[in-house]
Every structure is written in structure tokens, then in C-alpha cells.
$ cat data_31.tsv   # TSV, C-alpha atoms
chain	number	residue	atom	x	y	z
A	297	MET	CA	-10.30	23.72	-6.81
A	298	ASN	CA	-7.43	22.60	-4.64
A	299	GLU	CA	-5.27	20.03	-6.34
A	300	ALA	CA	-3.42	17.51	-4.22
A	301	GLN	CA	-0.12	18.80	-2.93
A	302	VAL	CA	2.79	16.40	-3.21
A	303	ILE	CA	5.11	16.48	-0.21
A	304	GLU	CA	8.53	17.59	-1.42
A	305	ARG	CA	11.04	14.85	-0.66
A	306	PRO	CA	14.66	14.59	-1.81
A	307	ARG	CA	14.98	12.84	-5.16
A	308	THR	CA	17.09	9.72	-4.77
A	309	HIS	CA	17.70	6.49	-6.61
A	310	ALA	CA	16.83	4.54	-3.48
A	311	SER	CA	14.40	1.67	-3.70
A	312	PRO	CA	10.83	2.26	-2.45
A	313	LEU	CA	11.59	0.11	0.59
A	314	ARG	CA	14.61	2.19	1.54
A	315	ARG	CA	12.65	5.40	1.06
A	316	LYS	CA	9.91	4.07	3.29
A	317	LEU	CA	12.26	2.87	6.05
A	318	ASP	CA	14.27	6.11	5.91
A	319	LEU	CA	11.04	7.93	6.81
A	320	LEU	CA	10.37	5.58	9.69
A	321	THR	CA	13.76	5.84	11.40
A	322	SER	CA	17.26	7.24	10.88
A	323	LEU	CA	19.13	4.52	9.01
A	324	THR	CA	22.91	4.56	8.90
A	325	ASP	CA	24.88	4.17	5.68
A	326	GLU	CA	25.77	0.70	6.89
A	327	ASP	CA	22.07	-0.10	7.30
A	328	ARG	CA	21.32	1.18	3.80
A	329	ASN	CA	24.12	-0.84	2.23
A	330	PHE	CA	22.98	-3.94	4.09
A	331	LEU	CA	19.40	-3.39	2.94
A	332	GLU	CA	20.52	-2.94	-0.67
A	333	LYS	CA	22.29	-6.30	-0.60
A	334	LEU	CA	19.19	-7.97	0.86
A	335	GLU	CA	17.01	-6.54	-1.91
A	336	ASN	CA	19.19	-7.78	-4.74
A	337	GLY	CA	17.51	-10.19	-7.10
A	338	GLY	CA	13.88	-11.09	-6.73
A	339	THR	CA	11.18	-12.78	-8.73
A	340	THR	CA	8.91	-11.21	-11.33
A	341	TYR	CA	5.25	-12.26	-11.11
A	342	ARG	CA	2.72	-11.75	-13.85
A	343	ALA	CA	-0.62	-10.12	-13.01
A	344	GLY	CA	-2.93	-12.62	-11.35
A	345	THR	CA	-0.14	-14.82	-9.97
A	346	GLN	CA	-0.60	-15.92	-6.37
A	347	TYR	CA	2.60	-15.84	-4.31
A	348	ILE	CA	1.27	-16.56	-0.81
A	349	PHE	CA	-1.36	-19.17	0.02
A	350	ASP	CA	-3.49	-19.21	3.15
A	351	GLY	CA	-2.10	-21.84	5.52
A	352	GLN	CA	1.33	-22.18	3.95
A	353	ALA	CA	4.50	-22.08	6.06
A	354	LEU	CA	5.70	-18.50	6.23
A	355	SER	CA	9.39	-18.17	7.04
A	356	LYS	CA	10.27	-15.25	4.79
A	357	ILE	CA	9.03	-11.74	4.20
A	358	HIS	CA	8.19	-10.47	0.72
A	359	VAL	CA	9.29	-6.98	-0.30
A	360	ILE	CA	7.34	-5.37	-3.14
A	361	ARG	CA	9.99	-3.72	-5.31
A	362	SER	CA	7.64	-2.74	-8.13
A	363	GLY	CA	4.02	-3.33	-9.08
A	364	TRP	CA	0.85	-3.67	-7.02
A	365	THR	CA	-0.29	-6.76	-5.14
A	366	MET	CA	-3.13	-7.53	-2.74
A	367	CYS	CA	-3.65	-9.55	0.43
A	368	TYR	CA	-7.06	-11.15	0.82
A	369	SER	CA	-9.17	-13.83	2.45
A	370	GLU	CA	-11.47	-16.10	0.47
A	371	LEU	CA	-14.55	-18.14	1.31
A	372	ASP	CA	-15.12	-21.68	0.06
A	373	ASP	CA	-17.53	-20.45	-2.60
A	374	GLY	CA	-14.95	-18.07	-4.09
A	375	ARG	CA	-16.11	-14.81	-2.52
A	376	ARG	CA	-13.13	-12.79	-1.38
A	377	GLN	CA	-12.42	-9.83	0.84
A	378	ILE	CA	-9.34	-7.80	-0.01
A	379	LEU	CA	-7.68	-6.82	3.26
A	380	THR	CA	-5.05	-4.42	1.97
A	381	PHE	CA	-3.09	-3.45	-1.12
A	382	ALA	CA	0.68	-4.02	-1.02
A	383	LEU	CA	2.45	-1.25	-2.93
A	384	PRO	CA	6.12	-0.70	-3.84
A	385	GLY	CA	8.13	-0.51	-0.63
A	386	ASP	CA	5.65	-2.56	1.36
A	387	ILE	CA	6.57	-5.74	3.20
A	388	VAL	CA	4.16	-8.67	3.08
A	389	GLY	CA	4.37	-11.27	5.84
A	390	LEU	CA	6.32	-9.13	8.28
A	391	HIS	CA	4.73	-11.07	11.13
A	392	ALA	CA	6.44	-14.26	9.88
A	393	SER	CA	8.85	-14.32	12.82
A	394	ILE	CA	5.85	-14.39	15.19
A	395	ARG	CA	3.25	-16.39	13.29
A	396	ARG	CA	4.90	-19.01	11.12
A	397	ARG	CA	1.89	-19.73	8.95
A	398	ALA	CA	0.07	-17.47	6.50
A	399	THR	CA	-3.48	-16.48	7.43
A	400	PHE	CA	-4.20	-14.80	4.08
A	401	ASN	CA	-3.61	-15.09	0.34
A	402	ALA	CA	-1.51	-12.68	-1.70
A	403	SER	CA	-1.60	-12.17	-5.47
A	404	ALA	CA	-0.10	-9.76	-7.98
A	405	ILE	CA	-2.52	-7.19	-9.40
A	406	THR	CA	0.01	-5.96	-11.95
A	407	ARG	CA	3.33	-7.33	-13.12
A	408	SER	CA	5.36	-7.17	-9.92
A	409	GLN	CA	8.92	-7.71	-8.81
A	410	ILE	CA	9.13	-9.21	-5.33
A	411	THR	CA	12.18	-10.02	-3.23
A	412	SER	CA	11.97	-12.64	-0.49
A	413	MET	CA	14.27	-12.41	2.51
A	414	GLU	CA	14.69	-13.84	5.97
A	415	ALA	CA	12.13	-12.51	8.43
A	416	PRO	CA	13.41	-10.13	11.12
A	417	GLY	CA	13.79	-11.86	14.46
A	418	SER	CA	14.10	-15.31	12.94
A	419	GLY	CA	17.86	-15.38	13.56
A	420	SER	CA	20.79	-13.07	14.05
A	421	LEU	CA	20.33	-11.36	10.69
A	422	TYR	CA	19.37	-7.98	12.15
A	423	ALA	CA	21.31	-8.19	15.42
A	424	ALA	CA	23.97	-5.87	14.02
A	425	HIS	CA	21.34	-3.45	12.62
A	426	PRO	CA	19.04	-2.34	15.46
A	427	ARG	CA	17.79	0.68	13.51
A	428	LEU	CA	16.50	-1.65	10.82
A	429	GLY	CA	14.71	-3.61	13.53
A	430	GLU	CA	13.06	-0.40	14.72
A	431	ALA	CA	12.07	0.49	11.15
A	432	PHE	CA	10.49	-2.93	10.62
A	433	SER	CA	8.56	-2.55	13.89
A	434	ARG	CA	7.25	0.83	12.75
A	435	SER	CA	6.30	-0.72	9.43
A	436	MET	CA	4.23	-3.31	11.29
A	437	ALA	CA	2.52	-0.45	13.12
A	438	GLN	CA	1.65	1.11	9.77
A	439	ASP	CA	0.22	-2.21	8.60
A	440	ALA	CA	-1.98	-2.30	11.71
A	441	LEU	CA	-3.18	1.22	10.95
A	442	LEU	CA	-4.11	0.23	7.40
A	443	LEU	CA	-6.22	-2.64	8.76
A	444	ASN	CA	-7.89	-0.21	11.19
A	445	ASN	CA	-8.70	2.04	8.23
A	446	GLN	CA	-10.13	-0.91	6.34
A	447	ALA	CA	-12.33	-1.88	9.28
A	448	MET	CA	-13.67	1.69	9.49
A	449	ARG	CA	-14.34	1.80	5.75
A	450	LEU	CA	-16.24	-1.47	5.74
A	451	GLY	CA	-18.09	-0.95	9.01
A	452	ARG	CA	-19.19	2.66	9.12
A	453	MET	CA	-18.66	4.55	5.87
A	454	THR	CA	-21.04	5.19	3.01
A	455	ALA	CA	-20.11	3.99	-0.48
A	456	TYR	CA	-18.96	7.50	-1.46
A	457	GLU	CA	-16.87	7.87	1.71
A	458	ARG	CA	-15.27	4.45	1.20
A	459	VAL	CA	-14.08	5.29	-2.30
A	460	CYS	CA	-12.78	8.71	-1.24
A	461	HIS	CA	-10.98	7.25	1.76
A	462	LEU	CA	-9.28	4.56	-0.31
A	463	ILE	CA	-8.14	7.09	-2.92
A	464	VAL	CA	-6.65	9.43	-0.31
A	465	GLU	CA	-4.96	6.60	1.58
A	466	LEU	CA	-3.34	5.29	-1.59
A	467	TRP	CA	-2.21	8.81	-2.48
A	468	TYR	CA	-0.39	9.31	0.82
A	469	ARG	CA	1.20	5.87	0.66
A	470	LEU	CA	2.48	6.34	-2.88
A	471	ASP	CA	3.70	9.87	-2.17
A	472	ALA	CA	5.76	8.57	0.77
A	473	VAL	CA	7.86	6.43	-1.59
A	474	GLY	CA	8.10	8.99	-4.39
A	475	LEU	CA	5.55	7.48	-6.78
A	476	ILE	CA	3.39	10.55	-7.41
A	477	GLU	CA	4.45	12.20	-10.66
A	478	ASP	CA	3.08	15.43	-12.16
A	479	GLY	CA	0.14	15.34	-9.76
A	480	ARG	CA	-0.91	11.86	-10.84
A	481	MET	CA	-0.73	8.51	-9.14
A	482	PRO	CA	-0.79	5.09	-10.76
A	483	PHE	CA	-4.21	3.52	-10.35
A	484	PRO	CA	-4.32	0.03	-11.87
A	485	LEU	CA	-7.33	-1.14	-9.85
A	486	THR	CA	-10.33	-2.45	-11.76
A	487	GLN	CA	-13.82	-1.80	-10.45
A	488	SER	CA	-14.07	-5.51	-9.65
A	489	VAL	CA	-10.98	-5.31	-7.41
A	490	ILE	CA	-12.28	-2.14	-5.74
A	491	SER	CA	-15.60	-3.90	-5.19
A	492	ASP	CA	-13.85	-6.74	-3.35
A	493	ALA	CA	-11.83	-4.26	-1.28
A	494	LEU	CA	-14.71	-2.00	-0.26
A	495	GLY	CA	-17.53	-4.53	0.07
A	496	LEU	CA	-19.59	-2.81	-2.61
A	497	SER	CA	-21.34	-4.03	-5.72
A	498	LEU	CA	-19.87	-3.16	-9.10
A	499	VAL	CA	-22.84	-0.84	-9.69
A	500	HIS	CA	-22.13	1.08	-6.48
A	501	VAL	CA	-18.43	1.38	-7.26
A	502	ASN	CA	-19.15	2.68	-10.74
A	503	ARG	CA	-21.65	5.24	-9.40
A	504	GLN	CA	-19.13	6.71	-6.96
A	505	PHE	CA	-16.46	7.17	-9.62
A	506	VAL	CA	-18.98	8.70	-12.01
A	507	GLN	CA	-20.02	11.15	-9.28
A	508	LEU	CA	-16.43	12.05	-8.38
A	509	ARG	CA	-15.61	12.75	-12.01
A	510	ARG	CA	-18.81	14.73	-12.65
A	511	GLU	CA	-18.23	17.00	-9.66
A	512	GLY	CA	-14.65	17.61	-10.77
A	513	SER	CA	-13.01	15.97	-7.76
A	514	ILE	CA	-10.85	13.46	-9.64
A	515	ARG	CA	-9.61	12.71	-13.13
A	516	LEU	CA	-9.01	9.08	-14.11
A	517	ASP	CA	-7.29	8.37	-17.40
A	518	ARG	CA	-5.18	5.45	-18.62
A	519	ARG	CA	-4.70	3.93	-15.16
A	520	GLN	CA	-3.56	7.30	-13.77
A	521	LEU	CA	-5.60	9.20	-11.17
A	522	SER	CA	-5.39	12.90	-10.27
A	523	ILE	CA	-7.16	14.39	-7.25
A	524	LEU	CA	-8.39	17.76	-8.51
A	525	ASP	CA	-10.14	18.89	-5.32
A	526	PHE	CA	-8.01	17.47	-2.54
A	527	GLU	CA	-9.75	19.27	0.33
A	528	LYS	CA	-13.17	18.05	-0.77
A	529	VAL	CA	-12.10	14.43	-1.23
A	530	CYS	CA	-10.25	14.43	2.12
A	531	ALA	CA	-13.27	15.91	3.87
A	532	ALA	CA	-15.54	13.27	2.38
A	533	ALA	CA	-13.07	10.57	3.41
A	534	HIS	CA	-12.72	11.80	7.01
A	535	TYR	CA	-9.06	11.00	6.46
A	536	ASN	CA	-6.54	11.95	9.13
A	537	PRO	CA	-2.97	11.82	7.77
A	538	ASP	CA	-1.63	12.60	11.26
A	539	HIS	CA	-2.34	8.99	12.23
A	540	TYR	CA	0.03	7.81	9.51
A	541	GLU	CA	2.63	10.51	10.14
A	542	SER	CA	2.71	9.82	13.89
A	543	ILE	CA	4.37	6.44	13.28
A	544	ARG	CA	7.31	8.09	11.59
A	545	ARG	CA	10.40	9.31	13.38

$ encode --input "data_31.tsv" --output "C-alpha cells"
Amino acid sequence: MNEAQVIERPRTHASPLRRKLDLLTSLTDEDRNFLEKLENGGTTYRAGTQYIFDGQALSKIHVIRSGWTMCYSELDDGRRQILTFALPGDIVGLHASIRRRATFNASAITRSQITSMEAPGSGSLYAAHPRLGEAFSRSMAQDALLLNNQAMRLGRMTAYERVCHLIVELWYRLDAVGLIEDGRMPFPLTQSVISDALGLSLVHVNRQFVQLRREGSIRLDRRQLSILDFEKVCAAAHYNPDHYESIRR
């Protein structure tokens, strides 16, 4: 079997956001210092806490410093569709300077630390830091790619392909910010959450994970997931990492 290969990146004490933006463009030391000051502080949300409500005024962006959150839409009868997962280093509401009102909900899946800051373009905050502006633009492009991936999963993939694709996508995203350790990634998603993300019943979600474990493709233990046969899972997912890499500098 071919276990997942973690991309070797320099070990730093940088925040996930800084690691992500450093991959997207060449930040200066001044940019990094400025970003560190912006990230200071933050609010800790318990699992299940909603921090963005559909329709609310959206003047700030929300940086996920730790924990997992999700963005979703909900019907009047309570049915929901998870649009994307926001992981450490991700920015929720980056379009706030363009669209001043939220068109989605966002809630913490795990205990999460989130920093709110002024949205780029909403003033002169980033005028002195054009590289940061470029990095935020590239981050928005990544967000658009994730929504494209979600549309493909929901519209054209089988249940097995959907689960494989989500696993591989999460792996690459977590690896980019240094959160893969000893060949394992955190995986705090319940089958109910996965069901709402992939448009599958709980029975179908459970069947796919049982099959992946039986065939030796993954190992899932104590909210940690290892991809044991990376080539096989990637092939089943039809995942193209070049799309994600092409946005980087």
C-alpha cells in the first residue's frame, strides 16, 4: 500500500493563517508582523456555537486560529446543506468588503478560537500591505475552488467517490498549514455532519467508511484519520491537487 506522503514544509511557530498566506504569495517581514498583530486576541467558541447568521450585517472577516467550523445553508424545516468546512488558517466572510450581508450560517464543529478583523478593502487597512491584499485575493480563489469541488461531489459523484474526495481534499488543506502529524490528520466529523456535507443518508455514509476500512484504504481511530492507500483513494476521488496548487505563487 502507498501511504499518504506529507509535503515537507519548514517547521515554524507561525499561525495557520500565516502559513497559508506565505504559500499564496511572498510576504515581507513587515507583512508578517502586521498580520501577527491583527491576529492577537480572539474569541473561543464551544462546539455547536453559531458565530455567523444568514442575513446578518457582515463587516468583518473571521480567521479560524484553531478548531473546525462549517459554513452552511438551512431550509425552514431545519434541513441543512454544509457548503464547506473552515479549518485552521481559513478566513470566513472574506467577501465582506463586496457583499455586506451574510448569505450563509457558520458554526463551530469543535472548540474553536476565532479572530475577527476588518475586511480587506473596507478602508485603508491594507493599503500599505499590497502583498497581503494579493494573498487574500488568492485565498478567495481557493474558496471558489472548494465550492466548485463541492458542486462536483454533490452533482456527479457516487457515494464512495464523494467520501474519498472529501477525505483527500481535507488532507491537502490540513497539510498546507502543517496539521498532518505522523501520517494522521484530525478528523472530528461525525457521520451526521458528513451526511449533511455530502448529501447522503447516514446509512450510505456509514457504508462507505466501512468499505474503506475493510479494503485497507484508511484507518480511523479516536478522531484521527490515516490514508493507508493514498493512490487508491485519490484515484477513486478523481482528485486533482494541481488545481489547488495552481493558485499558489

$ residues_around --input "data_31.tsv" --residues "segment 504-512 of chain A" --least-positions-apart "5" --cutoff "8 Å" --atoms "only C-alpha atoms" --output "ChimeraX atom specification"
/A:455-456,459,524-525

$ closest_residue --input "data_31.tsv" --among "A:Met448, A:Ala533, A:Val489, A:Ile357" --to "Glu465 of chain A" --atoms "all atoms listed in the file"
A:Ala533

$ atom_distance --input "data_31.tsv" --atom1 "atom CA of Ser412 of chain A" --atom2 "atom CA of Thr339 of chain A"
8.3 Å

$ closest_residue --input "data_31.tsv" --among "A:Ile405, A:Ser513, A:Ile387, A:His500" --to "Arg434 of chain A" --atoms "all atoms listed in the file"
A:Ile387

$ closest_residue --input "data_31.tsv" --among "A:Arg328, A:Arg397, A:Arg361, A:Arg458" --to "Val473 of chain A" --atoms "only C-alpha atoms"
A:Arg361

$ closest_residue --input "data_31.tsv" --among "A:Ser403, A:Thr380, A:Gln520, A:Thr345" --to "Gln438 of chain A" --atoms "all atoms listed in the file"
A:Thr380

$ atom_distance --input "data_31.tsv" --atom1 "atom CA of Arg396 of chain A" --atom2 "atom CA of Ala353 of chain A"
5.9 Å

$ atom_distance --input "data_31.tsv" --atom1 "atom CA of Leu334 of chain A" --atom2 "atom CA of His425 of chain A"
12.8 Å

$ closest_residue --input "data_31.tsv" --among "A:Cys367, A:Pro426, A:Leu494, A:Val359" --to "Met453 of chain A" --atoms "all atoms listed in the file"
A:Leu494

$ residues_around --input "data_31.tsv" --residues "Val464 of chain A" --least-positions-apart "4" --cutoff "10 Å" --atoms "only C-alpha atoms" --output "JSON, numbers by chain"
{"A": [300, 459, 460, 468, 469, 470, 523, 526, 529, 530, 533, 534, 535, 536, 537]}

$ write_last_selection --input "data_31.tsv" --atoms "C-alpha atoms" --output "PDB file, in the coordinates of the input"
ATOM      1  CA  ALA A 300      -3.420  17.510  -4.220  1.00  0.00           C
ATOM      2  CA  VAL A 459     -14.080   5.290  -2.300  1.00  0.00           C
ATOM      3  CA  CYS A 460     -12.780   8.710  -1.240  1.00  0.00           C
ATOM      4  CA  TYR A 468      -0.390   9.310   0.820  1.00  0.00           C
ATOM      5  CA  ARG A 469       1.200   5.870   0.660  1.00  0.00           C
ATOM      6  CA  LEU A 470       2.480   6.340  -2.880  1.00  0.00           C
ATOM      7  CA  ILE A 523      -7.160  14.390  -7.250  1.00  0.00           C
ATOM      8  CA  PHE A 526      -8.010  17.470  -2.540  1.00  0.00           C
ATOM      9  CA  VAL A 529     -12.100  14.430  -1.230  1.00  0.00           C
ATOM     10  CA  CYS A 530     -10.250  14.430   2.120  1.00  0.00           C
ATOM     11  CA  ALA A 533     -13.070  10.570   3.410  1.00  0.00           C
ATOM     12  CA  HIS A 534     -12.720  11.800   7.010  1.00  0.00           C
ATOM     13  CA  TYR A 535      -9.060  11.000   6.460  1.00  0.00           C
ATOM     14  CA  ASN A 536      -6.540  11.950   9.130  1.00  0.00           C
ATOM     15  CA  PRO A 537      -2.970  11.820   7.770  1.00  0.00           C
TER      16      PRO A 537
END

$ closest_residue --input "data_31.tsv" --among "A:Met366, A:Leu331, A:Leu323, A:Leu462" --to "Phe400 of chain A" --atoms "only C-alpha atoms"
A:Met366

$ residues_near_point --input "data_31.tsv" --point "(-4.3, 11.8, -15.4)" --cutoff "12 Å" --atoms "only C-alpha atoms" --output "ChimeraX atom specification"
/A:476-483,509,514-524

$ decode --input "data_31.tsv" --residues "segment 396-452 of chain A" --atoms "C-alpha atoms" --output "PDB file, in the first residue's frame"
ATOM      1  CA  ARG A 396     -22.032  43.387   3.257  1.00  0.00           C
ATOM      2  CA  ARG A 397     -24.536  40.785   4.375  1.00  0.00           C
ATOM      3  CA  ALA A 398     -24.024  37.111   5.174  1.00  0.00           C
ATOM      4  CA  THR A 399     -25.668  34.620   2.822  1.00  0.00           C
ATOM      5  CA  PHE A 400     -24.843  31.585   4.980  1.00  0.00           C
ATOM      6  CA  ASN A 401     -24.610  30.380   8.569  1.00  0.00           C
ATOM      7  CA  ALA A 402     -21.377  29.403  10.304  1.00  0.00           C
ATOM      8  CA  SER A 403     -20.999  27.270  13.435  1.00  0.00           C
ATOM      9  CA  ALA A 404     -18.166  25.679  15.386  1.00  0.00           C
ATOM     10  CA  ILE A 405     -17.840  21.913  14.972  1.00  0.00           C
ATOM     11  CA  THR A 406     -15.194  21.672  17.688  1.00  0.00           C
ATOM     12  CA  ARG A 407     -13.983  24.114  20.303  1.00  0.00           C
ATOM     13  CA  SER A 408     -12.565  26.874  18.124  1.00  0.00           C
ATOM     14  CA  GLN A 409     -10.615  30.080  18.541  1.00  0.00           C
ATOM     15  CA  ILE A 410     -11.653  32.729  16.032  1.00  0.00           C
ATOM     16  CA  THR A 411     -10.257  36.210  15.491  1.00  0.00           C
ATOM     17  CA  SER A 412     -12.397  38.888  13.852  1.00  0.00           C
ATOM     18  CA  MET A 413     -10.732  41.698  11.917  1.00  0.00           C
ATOM     19  CA  GLU A 414     -11.580  44.440   9.473  1.00  0.00           C
ATOM     20  CA  ALA A 415     -12.331  43.129   5.995  1.00  0.00           C
ATOM     21  CA  PRO A 416      -9.738  43.857   3.292  1.00  0.00           C
ATOM     22  CA  GLY A 417     -10.825  46.691   1.041  1.00  0.00           C
ATOM     23  CA  SER A 418     -13.175  48.189   3.605  1.00  0.00           C
ATOM     24  CA  GLY A 419     -10.734  51.012   4.375  1.00  0.00           C
ATOM     25  CA  SER A 420      -7.063  51.842   4.197  1.00  0.00           C
ATOM     26  CA  LEU A 421      -6.041  48.958   6.449  1.00  0.00           C
ATOM     27  CA  TYR A 422      -4.185  47.049   3.729  1.00  0.00           C
ATOM     28  CA  ALA A 423      -3.100  49.995   1.582  1.00  0.00           C
ATOM     29  CA  ALA A 424       0.423  49.744   2.976  1.00  0.00           C
ATOM     30  CA  HIS A 425       0.500  45.939   2.523  1.00  0.00           C
ATOM     31  CA  PRO A 426      -0.251  45.106  -1.130  1.00  0.00           C
ATOM     32  CA  ARG A 427       1.204  41.595  -0.818  1.00  0.00           C
ATOM     33  CA  LEU A 428      -1.353  40.829   1.869  1.00  0.00           C
ATOM     34  CA  GLY A 429      -4.046  42.058  -0.498  1.00  0.00           C
ATOM     35  CA  GLU A 430      -2.775  39.665  -3.151  1.00  0.00           C
ATOM     36  CA  ALA A 431      -2.714  36.808  -0.639  1.00  0.00           C
ATOM     37  CA  PHE A 432      -6.306  37.499   0.401  1.00  0.00           C
ATOM     38  CA  SER A 433      -7.353  37.541  -3.268  1.00  0.00           C
ATOM     39  CA  ARG A 434      -5.690  34.169  -3.807  1.00  0.00           C
ATOM     40  CA  SER A 435      -7.426  32.878  -0.700  1.00  0.00           C
ATOM     41  CA  MET A 436     -10.766  33.890  -2.213  1.00  0.00           C
ATOM     42  CA  ALA A 437      -9.797  31.953  -5.345  1.00  0.00           C
ATOM     43  CA  GLN A 438      -9.162  28.890  -3.190  1.00  0.00           C
ATOM     44  CA  ASP A 439     -12.570  29.321  -1.572  1.00  0.00           C
ATOM     45  CA  ALA A 440     -14.155  29.380  -5.041  1.00  0.00           C
ATOM     46  CA  LEU A 441     -12.317  26.175  -5.926  1.00  0.00           C
ATOM     47  CA  LEU A 442     -13.622  24.465  -2.790  1.00  0.00           C
ATOM     48  CA  LEU A 443     -17.190  25.383  -3.787  1.00  0.00           C
ATOM     49  CA  ASN A 444     -16.520  24.004  -7.285  1.00  0.00           C
ATOM     50  CA  ASN A 445     -15.338  20.768  -5.684  1.00  0.00           C
ATOM     51  CA  GLN A 446     -18.459  20.644  -3.549  1.00  0.00           C
ATOM     52  CA  ALA A 447     -20.694  21.131  -6.584  1.00  0.00           C
ATOM     53  CA  MET A 448     -18.928  18.271  -8.385  1.00  0.00           C
ATOM     54  CA  ARG A 449     -19.239  15.992  -5.351  1.00  0.00           C
ATOM     55  CA  LEU A 450     -22.939  16.638  -4.937  1.00  0.00           C
ATOM     56  CA  GLY A 451     -23.833  16.647  -8.618  1.00  0.00           C
ATOM     57  CA  ARG A 452     -21.868  13.869 -10.265  1.00  0.00           C
TER      58      ARG A 452
END
